[in-house]
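Chemist: Below is one structure. I have some questions about it.
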Amino acid sequence: MKKIKGFCLVFLLTNLIFLEAFAQRQVIFDMPNKALAIGREIEIFEDKTASLTFEEVSNRPDIGAYFRRSLQINPNFGVTSSVIWARITLQNKTSQNLYLEIAEATIDSIAFYKIDAEKKVSYLKSGTYVPIRQRDVETNFYLLDLNLAPQETSTYYIRFQSSLPLLFPLRVAPLKVYFEDNHPKDIMQGIYIGIMLVMAIFNFFIFFTVRTKVYLYYVIYVLSFASFFAYNKGFINEFIWPNAVWINRFGPISISLGISFGLLFANSFLNVERYLPISNKIAKVLISLVLVFVTSYWLGLGRTSIILLNAVAFVIVVYVLVIATYIWMKGSEEALFFLGAWSIMLVSALIFIMQLSNILPSDYFTRNALQVGSALEVVMLSFALAHRINKDRKEKEKYQAEVIHQLQANDQMRNRIARDLHDDIGSTLSSIGILSQVVETQIDKKDSSLKKLVVRISESSQNVQRSLSDIVWTTKQTEESLDSVIVKMKEFTAEMLEPKNIDYTFSVSDISCIQFSPLKQYNIYLIFKEAVNNSVKYAQASNIEIAIFFTEEYFTIIVKDNGIGFDEGNVKQGNGLNNMQERALAMNGKIQILTKPQKGTLIELKVPLNSK
């Protein structure tokens, strides 16, 4: 008898537990001016097969018994392949129409079922792949009309499925309450996106000014985070592509870009090539992993790829913190700024990822931790970049001062060398020339060979003195106009031709608009000297014509004589002609020699005008 009573008692308790588990809890809504969070009021069932239909979930007692009361105010299942069913029975004790808010914009599929008091079922489909124009209310989050009349009671089933982390904060309230409650939150989101855009635009202009890739990496990094949160909060779906739902499949690309360019920015900003060269190889491996996981997500391995992508993101954040610490310990002042900013990013990213992975509860703080951290980080990094600009400016000014000092020192040395050449060697050569002339007058006229030798010494000293004068002029020449070189050409022509009674013409067009570097002027002058000198020494000319002019492409010098000419095929080129060719090539110019025996010689030099 006692055994029978004991069995009956166990049976009764088991049935009570079963009935308690199966019984649908009724929630009464009686707050017309306040939203009711129902995360802990709903009952949850996880369909791990992802194959059960609404009819099976709502009608089969064995399945209904598996519904359990939610323990989270914002139910969070992380990245899961399961379908999550939620059910609740609501009674409207107000005089207003009620709406259900699902405050998570990135849920792939939402199926909403209502069973009224007469067991009539109505169905509504929503989610990121349903155009926003087809929703009950066109907002960034989901607002579903409960169609619950005053004093009416209905039961609701909601089916959730997503390839991204699945969490669904749920609230019930009249439409007016949502507007009043969400409006300040939207303003805060707008401030966040505004800060990110301002920082991106500001640094984009800096990039255009300094053309340094670190600023471009930073701009893409900031824009990636801004677009990620704009997508995560539903603003992109609402305002950018309300009907192009296929783009939602590319949602993870923004955070992937943020991760990748954040790493590139860190490497560039911290100058890892100087302190830790292997970091560039590590960065390439990590970015390759990000690319692989994003690609595999698009190819259908969504949930696994997202889990691995979150893991790589966390590894990158920690890795950057480690190398920033190492470089700071090596003495980099910039690394200290970066370390402070990235530490904030590390903490906020850790909180956000742990919330997505259902390690931490999903609440207002954990859901927005990464936004707060990224905004603070971006502002601090902007200060760090400003500090870097100021440091680069000071280093540039220091370098410019050193260059100016060196140029001044070089200029002083050049003037000293020119002065010494002129005063010391020049005066010595003048003395040699004068002494040679004295010796020449005192030598017996019969000793012609010795007299010729002395004449050669005198001529050689004059030539060397003339060349020395040219070198001194070149050393001191800094102007790019051709005026001074034309003057020297005229002086040399007169000095060479007039003592030998050679007629000549020297025509120069207006070349004031032409500018060449001092080195190029020197080469032009030496080629001209060689051409005139050859006419005097070898051509036996009685007349020489010199023309200097320019066309649209070339600066041209022509030296033409009426001398004996020569046969180009039978004449071996000496150092003079070779030097003329080499100097012309050094200026990207060309030199042409036209001559025939007894027909004179024409030498033409052409120098392109497209460079100094």
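Ordering of the structure tokens sets the chain letters (A, B, ...); residue numbers start at 1 within each chain; ligands are numbered from 1 in the order shown.
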Would you tabulate, counting only C-alpha atoms, all residues of stretch 35-119 of chain A that have an atom at most 10 Å from an atom of stretch 290-311 of chain A, showing the closest pair of atoms and their distance in Å to one decimal, sorted by chain then ascending number, as a Markdown table?

Modeler:
```
| residue | atom | partner | partner_atom | distance |
| --- | --- | --- | --- | --- |
| A:Gly78 | CA | A:Ile307 | CA | 9.1 |
| A:Val79 | CA | A:Arg303 | CA | 5.9 |
| A:Thr80 | CA | A:Arg303 | CA | 6.6 |
| A:Ser81 | CA | A:Arg303 | CA | 6.9 |
```

Chemist: Could you save those same residues with N, CA and C atoms as a CSV table (one decimal), in the first residue's frame?

Modeler:
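Heads up, here's the output in part_15.csv:
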```
chain,number,residue,atom,x,y,z
A,78,GLY,N,24.7,33.9,-29.5
A,78,GLY,CA,26.0,33.9,-30.2
A,78,GLY,C,25.8,33.4,-31.6
A,79,VAL,N,26.9,32.9,-32.2
A,79,VAL,CA,26.9,32.3,-33.5
A,79,VAL,C,26.4,30.9,-33.4
A,80,THR,N,25.2,30.6,-34.0
A,80,THR,CA,24.6,29.3,-33.8
A,80,THR,C,23.9,28.9,-35.2
A,81,SER,N,23.9,27.6,-35.4
A,81,SER,CA,23.2,27.1,-36.6
A,81,SER,C,21.8,26.7,-36.2
```

Chemist: What's the 9 Å shell around stretch 325-342 of chain A, counting only C-alpha atoms, without same-chain residues fewer than 4 positions away, as a VMD selection string?

Modeler: chain A and resid 266 269 to 272 275 to 276 317 320 to 321 346 to 347 373 to 374 376 to 381 383 to 385 387 to 388

Chemist: Hey, can you check how far atom CA of A:Cys513 sits from atom CA of A:Phe555?

Modeler: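 Separation between atom CA of A:Cys513 and atom CA of A:Phe555: 11.2 Å.
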
Chemist: Skipping near chain neighbours, those fewer than 3 positions away, what residues fall within 8 Å of A:Ser535 using only C-alpha atoms, listed as a list in words?

Modeler: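 The residues that qualify are Ala531, Val532, Tyr538, Ala539, Gln540, Ala541, Ile544, Asp561 and Gly563 of chain A.
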
Chemist: With only C-alpha atoms as the atoms that count, which of A:Met199, A:Leu98, A:Leu167, A:Ile158 lies nearest to A:Pro361?

Modeler: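 Counting only C-alpha atoms, the residue closest to A:Pro361 is A:Leu167.
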
Chemist: I'd like the neighbourhood of A:Ala547 as a PyMOL selection string, where a residue qualifies if any of its atoms comes within 10 Å (using only C-alpha atoms), though same-chain residues fewer than 5 positions away should be ignored.

Modeler: chain A and resi 505-509+556-560+604

Chemist: For A:Thr94, work out the shell of residues within 12 Å, counting only C-alpha atoms and skipping chain neighbours fewer than 6 positions away, then give it as a PyMOL selection string.

Modeler: chain A and resi 28-34+148-153+173-174

Chemist: Would you mind exporting N, CA and C atoms of the selected residues as a PDB file, in the first residue's frame?

Modeler:
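Result file is again.pdb:
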```
ATOM      1  N   ILE A  28       0.732  40.391 -18.668  1.00  0.00           N
ATOM      2  CA  ILE A  28      -0.257  41.474 -18.757  1.00  0.00           C
ATOM      3  C   ILE A  28       0.479  42.786 -18.969  1.00  0.00           C
ATOM      4  N   PHE A  29       0.096  43.513 -20.037  1.00  0.00           N
ATOM      5  CA  PHE A  29       0.701  44.803 -20.316  1.00  0.00           C
ATOM      6  C   PHE A  29      -0.299  45.893 -19.920  1.00  0.00           C
ATOM      7  N   ASP A  30       0.092  46.710 -18.945  1.00  0.00           N
ATOM      8  CA  ASP A  30      -0.795  47.767 -18.469  1.00  0.00           C
ATOM      9  C   ASP A  30      -0.059  49.093 -18.276  1.00  0.00           C
ATOM     10  N   MET A  31       1.004  49.351 -19.090  1.00  0.00           N
ATOM     11  CA  MET A  31       1.809  50.578 -18.954  1.00  0.00           C
ATOM     12  C   MET A  31       1.753  51.364 -20.267  1.00  0.00           C
ATOM     13  N   PRO A  32       0.792  52.226 -20.450  1.00  0.00           N
ATOM     14  CA  PRO A  32       0.625  52.912 -21.744  1.00  0.00           C
ATOM     15  C   PRO A  32       1.743  53.898 -22.066  1.00  0.00           C
ATOM     16  N   ASN A  33       2.548  54.302 -21.067  1.00  0.00           N
ATOM     17  CA  ASN A  33       3.587  55.307 -21.305  1.00  0.00           C
ATOM     18  C   ASN A  33       4.993  54.764 -21.070  1.00  0.00           C
ATOM     19  N   LYS A  34       5.127  53.459 -21.111  1.00  0.00           N
ATOM     20  CA  LYS A  34       6.419  52.859 -20.834  1.00  0.00           C
ATOM     21  C   LYS A  34       6.562  51.557 -21.607  1.00  0.00           C
ATOM     22  N   LEU A 148      -3.168  43.718 -31.255  1.00  0.00           N
ATOM     23  CA  LEU A 148      -3.770  43.260 -30.000  1.00  0.00           C
ATOM     24  C   LEU A 148      -4.707  44.347 -29.484  1.00  0.00           C
ATOM     25  N   ALA A 149      -5.993  44.100 -29.615  1.00  0.00           N
ATOM     26  CA  ALA A 149      -6.998  45.082 -29.204  1.00  0.00           C
ATOM     27  C   ALA A 149      -7.020  45.202 -27.677  1.00  0.00           C
ATOM     28  N   PRO A 150      -7.547  46.313 -27.154  1.00  0.00           N
ATOM     29  CA  PRO A 150      -7.657  46.457 -25.697  1.00  0.00           C
ATOM     30  C   PRO A 150      -8.429  45.284 -25.079  1.00  0.00           C
ATOM     31  N   GLN A 151      -7.912  44.767 -23.987  1.00  0.00           N
ATOM     32  CA  GLN A 151      -8.477  43.653 -23.228  1.00  0.00           C
ATOM     33  C   GLN A 151      -8.376  42.321 -23.969  1.00  0.00           C
ATOM     34  N   GLU A 152      -7.699  42.316 -25.115  1.00  0.00           N
ATOM     35  CA  GLU A 152      -7.562  41.068 -25.874  1.00  0.00           C
ATOM     36  C   GLU A 152      -6.312  40.318 -25.407  1.00  0.00           C
ATOM     37  N   THR A 153      -6.364  39.001 -25.519  1.00  0.00           N
ATOM     38  CA  THR A 153      -5.232  38.145 -25.183  1.00  0.00           C
ATOM     39  C   THR A 153      -4.886  37.286 -26.396  1.00  0.00           C
ATOM     40  N   ALA A 173       5.388  47.948 -26.400  1.00  0.00           N
ATOM     41  CA  ALA A 173       4.955  49.292 -26.030  1.00  0.00           C
ATOM     42  C   ALA A 173       4.110  49.865 -27.152  1.00  0.00           C
ATOM     43  N   PRO A 174       3.357  50.927 -26.889  1.00  0.00           N
ATOM     44  CA  PRO A 174       2.695  51.671 -27.969  1.00  0.00           C
ATOM     45  C   PRO A 174       3.748  52.371 -28.839  1.00  0.00           C
TER      46      PRO A 174
END
```

Chemist: Mind giving me the straight-line distance from atom CA of A:Val607 to atom CA of A:Val485 in Å, one decimal?

Modeler: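 Separation of atom CA of A:Val607 and atom CA of A:Val485: 15.0 Å.
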
Chemist: Tell me, as number ranges by chain, which residues lie within 7 Å of A:Phe566, counting only C-alpha atoms; anything in the same chain fewer than 6 positions away does not count.

Modeler: A: 595-597

Chemist: Store the residues picked out above, limited to C-alpha atoms, as a PDB file, in the first residue's frame.

Modeler:
```pdb
ATOM      1  CA  THR A 595      81.728  69.029 -94.066  1.00  0.00           C
ATOM      2  CA  LYS A 596      83.413  68.254 -97.365  1.00  0.00           C
ATOM      3  CA  PRO A 597      86.959  68.917 -98.558  1.00  0.00           C
TER       4      PRO A 597
END
```

Chemist: What is the distance, in Å and to one decimal place, between atom CA of A:Val210 and atom CA of A:Ile195?

Modeler: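 Those two atoms sit 22.5 Å apart.
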
Chemist: Closest to A:Val222 among A:Phe160, A:Phe112, A:Tyr399, A:Phe204, using only C-alpha atoms?

Modeler: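 Among the listed residues, A:Phe204 lies closest to A:Val222.
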
Chemist: Which residue gives the smallest distance to A:Asp363 among A:Gly262, A:Pro169, A:Gly589, A:Gly576, with only C-alpha atoms counted?

Modeler: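 Comparing A:Gly262, A:Pro169, A:Gly589, A:Gly576 against A:Asp363, the winner is A:Pro169.
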
Chemist: Which polymer residues have any atom within 10 Å of an atom of stretch 114-130 of chain A, counting only C-alpha atoms, with same-chain residues fewer than 2 positions away left out, as a count of residues only?

Modeler: 47
